[in-house]
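Inspection log for the structure reproduced underneath, given as structure tokens.
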Amino acid sequence: MTADAIDDVLRKRTDELLALAGVTGTARGLCSGAPCAKVYVVQATPELERSIAGILASVPFEIEETGDIRAVPREDSKAR
Amino acid sequence: MADVTRPGSRRLVRLLLIGALLVAGLQAGRVGVTHARAGVGPDSPGASGGVAAENAPPGLEQAIAAQERANPRLLSIAGVVGTAVGLAGNGGASILVFSDGRVNLGHLPGRIDDVPVEVQVTGRFHAMLSPEAKRGGGASPKSRFGDPVPIGVSTGNANECSAGTIGARVAGGGKHYALSNNHVYARENAGSPGEIIAQPGLYDTQCSFDPADQLGRLAASGRITFSTSASNTIDAAIAEVNYDTGLRSLGTSTPPGGYGMPRTTTATPALDLAVQKFGRTSALTRGTITGVNVTVNVDYGSAGVARFVNQVTVTSAGPFIKPGDSGSLLVTDPDRKPVGLLFAGSSSGKYAIANPIGPVLQAFGVTIEGE
């Protein structure tokens, strides 16, 4: 599958993916050297994996446990 | 090394040597006295839980006393870099003499006060220098820098006690600017043009602002829309610098130990591209671009969550970014071509998110100044 095809699927499906609780982001990456979709999650669960697989059935994808994605805090006196 | 076949003995020797090395390290490069007592005394961490005491070999106290008496003489011998107390082949205590390899064994006694002496070639001991010291000159990126101020060091808006990173010096319309994040320079949309930008950021000055720390003034920022249906592309701001000879000037290189001067020619983010950054907190780190066309919801704490699109993900085995690295320039490794402006990441720091540098520069009509 080409990078453009992955991007096309992400364009259509990202809103749906990000609506899932625990999904923080999507990206195009490489899986075993080939283009694939990446789904960033706070914590992978079987239920979440099933939901993502249902949405991305047509493309290769990987789920990556990133935890929360935050603006890199400035070092500041009022920690985020 | 002495007998280390028995688990208890192995632990004791390890404790003794750790103690010796710690003392050598704490002496910041001074080779010399390495009192084994540091590892076995009642106040030492190594003695907690009675580990050392339970396994104390015969003659330990005698060996330590003999070592302390002999230290001045032993350490005056050319090539001796330290001493300790360890285990002899028979399981009893011995005096260990650490050598850089130049010791004439004929100058060393076989026993001291009836305690056997063993020589170990360790080479010279070196203080485990902090990253700041390794960078040369001992200047931490968190400190105040003289003229010209390097990129990759502490900065912030003088109206808040915080610190981020100067990503790069950029130029446009005949003016020079420091590039960083909106959330570093423009207080997450709350800042106004003209606000004072300091180096270092106030977090690194105990929250006090010295007018001499002014580096520039806020010139512009890209507005962040705090919504999960937004399509933000940049978290960036620029501060005008080098406009007043009464202020320090901003240079175009990182401090020594960084990647140096970025190229003026940028690179398009690509998968598997090796990248590096130099930031205020974690200094020089290296990673790989593993995600492009990234859409991500970024948590800004009390300001809210903002969705960003067309971003770049960088991953690394260890933390790539830490709090205070906000605004670091992402450049290719080793070519130093700018590819992004770092602004977000996971709490572990192993996932970092960057704005592609192209839209950042286009937003302000500027170019990277460098090589």
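Residues in the structure tokens are numbered from 1 in each chain, the chains being A, B, ... in the order shown, and ligands are numbered from 1 in the order shown.
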
Wanna dump the chain A-chain B contacts at 10 Å for me, each residue with its shortest atom pair and the distance in Å to one decimal, counting only C-alpha atoms, ordered by chain and number, as a Markdown table?
```
| residue | atom | partner | partner_atom | distance |
| --- | --- | --- | --- | --- |
| A:Ile6 | CA | B:Asn293 | CA | 9.9 |
| A:Asp7 | CA | B:Asn293 | CA | 7.3 |
| A:Leu10 | CA | B:Asn293 | CA | 8.7 |
| A:Arg11 | CA | B:Asn293 | CA | 9.4 |
| A:Thr14 | CA | B:Thr295 | CA | 7.5 |
| A:Asp15 | CA | B:Ser229 | CA | 8.5 |
| A:Leu18 | CA | B:Asn297 | CA | 8.1 |
| A:Ala19 | CA | B:Thr228 | CA | 9.5 |
| A:Val23 | CA | B:Asn297 | CA | 8.8 |
| A:Thr24 | CA | B:Asn297 | CA | 5.6 |
| A:Gly25 | CA | B:Val296 | CA | 4.0 |
| A:Thr26 | CA | B:Thr295 | CA | 5.2 |
| A:Ala27 | CA | B:Val294 | CA | 4.1 |
| A:Arg28 | CA | B:Val292 | CA | 5.3 |
| A:Gly29 | CA | B:Gly291 | CA | 4.7 |
| A:Leu30 | CA | B:Thr290 | CA | 7.1 |
| A:Cys31 | CA | B:Thr290 | CA | 9.9 |
| A:Gly33 | CA | B:Asp272 | CA | 9.3 |
| A:Pro35 | CA | B:Leu271 | CA | 9.3 |
| A:Cys36 | CA | B:Gly291 | CA | 9.8 |
| A:Ala37 | CA | B:Gly291 | CA | 9.0 |
| A:Lys38 | CA | B:Gly291 | CA | 7.6 |
| A:Val39 | CA | B:Val294 | CA | 9.5 |
| A:Tyr40 | CA | B:Val296 | CA | 8.4 |
| A:Val42 | CA | B:Ser346 | CA | 9.4 |
| A:Glu65 | CA | B:Ser346 | CA | 9.7 |
| A:Thr66 | CA | B:Ser346 | CA | 6.0 |
| A:Gly67 | CA | B:Ser346 | CA | 6.0 |
| A:Asp68 | CA | B:Ser346 | CA | 5.7 |
| A:Ile69 | CA | B:Ser346 | CA | 4.7 |
| A:Arg70 | CA | B:Asp299 | CA | 4.4 |
| A:Ala71 | CA | B:Ala344 | CA | 4.0 |
| A:Val72 | CA | B:Ala344 | CA | 4.4 |
| A:Pro73 | CA | B:Pro323 | CA | 4.9 |
| A:Arg74 | CA | B:Gly324 | CA | 4.7 |
| A:Glu75 | CA | B:Gly324 | CA | 4.7 |
| A:Asp76 | CA | B:Ser162 | CA | 3.9 |
| A:Ser77 | CA | B:Cys161 | CA | 5.9 |
| A:Lys78 | CA | B:Cys161 | CA | 8.3 |
| A:Ala79 | CA | B:Gly301 | CA | 8.7 |
| A:Arg80 | CA | B:Gly301 | CA | 5.2 |
```

Filtered DSSP result for range 154-313 of chain B, state alpha helix (DSSP H), as a count of residues only: 4

Top pick for closest residue to Val41 in chain A, considering A:Ile63, A:Leu17, A:Met1, A:Val9 and counting only C-alpha atoms: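 Selected residue with least distance to Val41 in chain A: A:Ile63.
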
- prompt: Separation of CA of Pro200 in chain B and CA of Leu284 in chain B, in Å?
  reply: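 Rounded to one decimal, the two atoms are 18.0 Å apart.
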
Neighbour list for Ser253 in chain B as a PyMOL selection string, cut-off 7 Å, only C-alpha atoms, skip fewer than 4 positions in-chain: chain B and resi 150-151+260-261

field: Two-atom distance - CA of Gln362 in chain B, CA of Gly172 in chain B (Å)
entry: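 CA of Gln362 in chain B sits 10.4 Å away from CA of Gly172 in chain B.
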
Residues of chain A classed as strand (DSSP E) by DSSP on the backbone are to be reported as a PDB file with C-alpha atoms, in the first residue's frame.
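out09.pdb written:
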```pdb
ATOM      1  CA  VAL A  23      -6.756   7.669  21.242  1.00  0.00           C
ATOM      2  CA  THR A  24      -4.418  10.676  21.191  1.00  0.00           C
ATOM      3  CA  GLY A  25      -3.255  10.799  17.600  1.00  0.00           C
ATOM      4  CA  THR A  26      -2.708   9.233  14.231  1.00  0.00           C
ATOM      5  CA  ALA A  27       0.179   9.272  11.818  1.00  0.00           C
ATOM      6  CA  ARG A  28       1.668   7.662   8.788  1.00  0.00           C
ATOM      7  CA  GLY A  29       4.662   5.575   9.664  1.00  0.00           C
ATOM      8  CA  LEU A  30       6.469   2.453   8.641  1.00  0.00           C
ATOM      9  CA  CYS A  31       5.595  -1.091   9.648  1.00  0.00           C
ATOM     10  CA  ALA A  34       6.295  -0.453   4.514  1.00  0.00           C
ATOM     11  CA  PRO A  35       3.899   2.484   4.840  1.00  0.00           C
ATOM     12  CA  CYS A  36       1.223   1.978   7.448  1.00  0.00           C
ATOM     13  CA  ALA A  37      -1.078   3.909   9.744  1.00  0.00           C
ATOM     14  CA  LYS A  38      -0.050   4.522  13.327  1.00  0.00           C
ATOM     15  CA  VAL A  39      -2.553   5.088  16.066  1.00  0.00           C
ATOM     16  CA  TYR A  40      -1.280   6.643  19.279  1.00  0.00           C
ATOM     17  CA  VAL A  41      -3.139   5.644  22.408  1.00  0.00           C
ATOM     18  CA  PHE A  61      -1.698  -0.260  11.080  1.00  0.00           C
ATOM     19  CA  GLU A  62       0.104  -0.332  14.387  1.00  0.00           C
ATOM     20  CA  ILE A  63      -1.058   0.860  17.749  1.00  0.00           C
ATOM     21  CA  GLU A  64       1.553   2.658  19.826  1.00  0.00           C
ATOM     22  CA  GLU A  65       1.166   3.301  23.522  1.00  0.00           C
ATOM     23  CA  ILE A  69       0.544  13.841  24.565  1.00  0.00           C
ATOM     24  CA  ARG A  70       1.116  17.180  26.210  1.00  0.00           C
ATOM     25  CA  ALA A  71       2.625  20.461  25.183  1.00  0.00           C
ATOM     26  CA  GLU A  75       9.641  24.594  33.235  1.00  0.00           C
ATOM     27  CA  ASP A  76       7.401  26.771  35.254  1.00  0.00           C
TER      28      ASP A  76
END
```
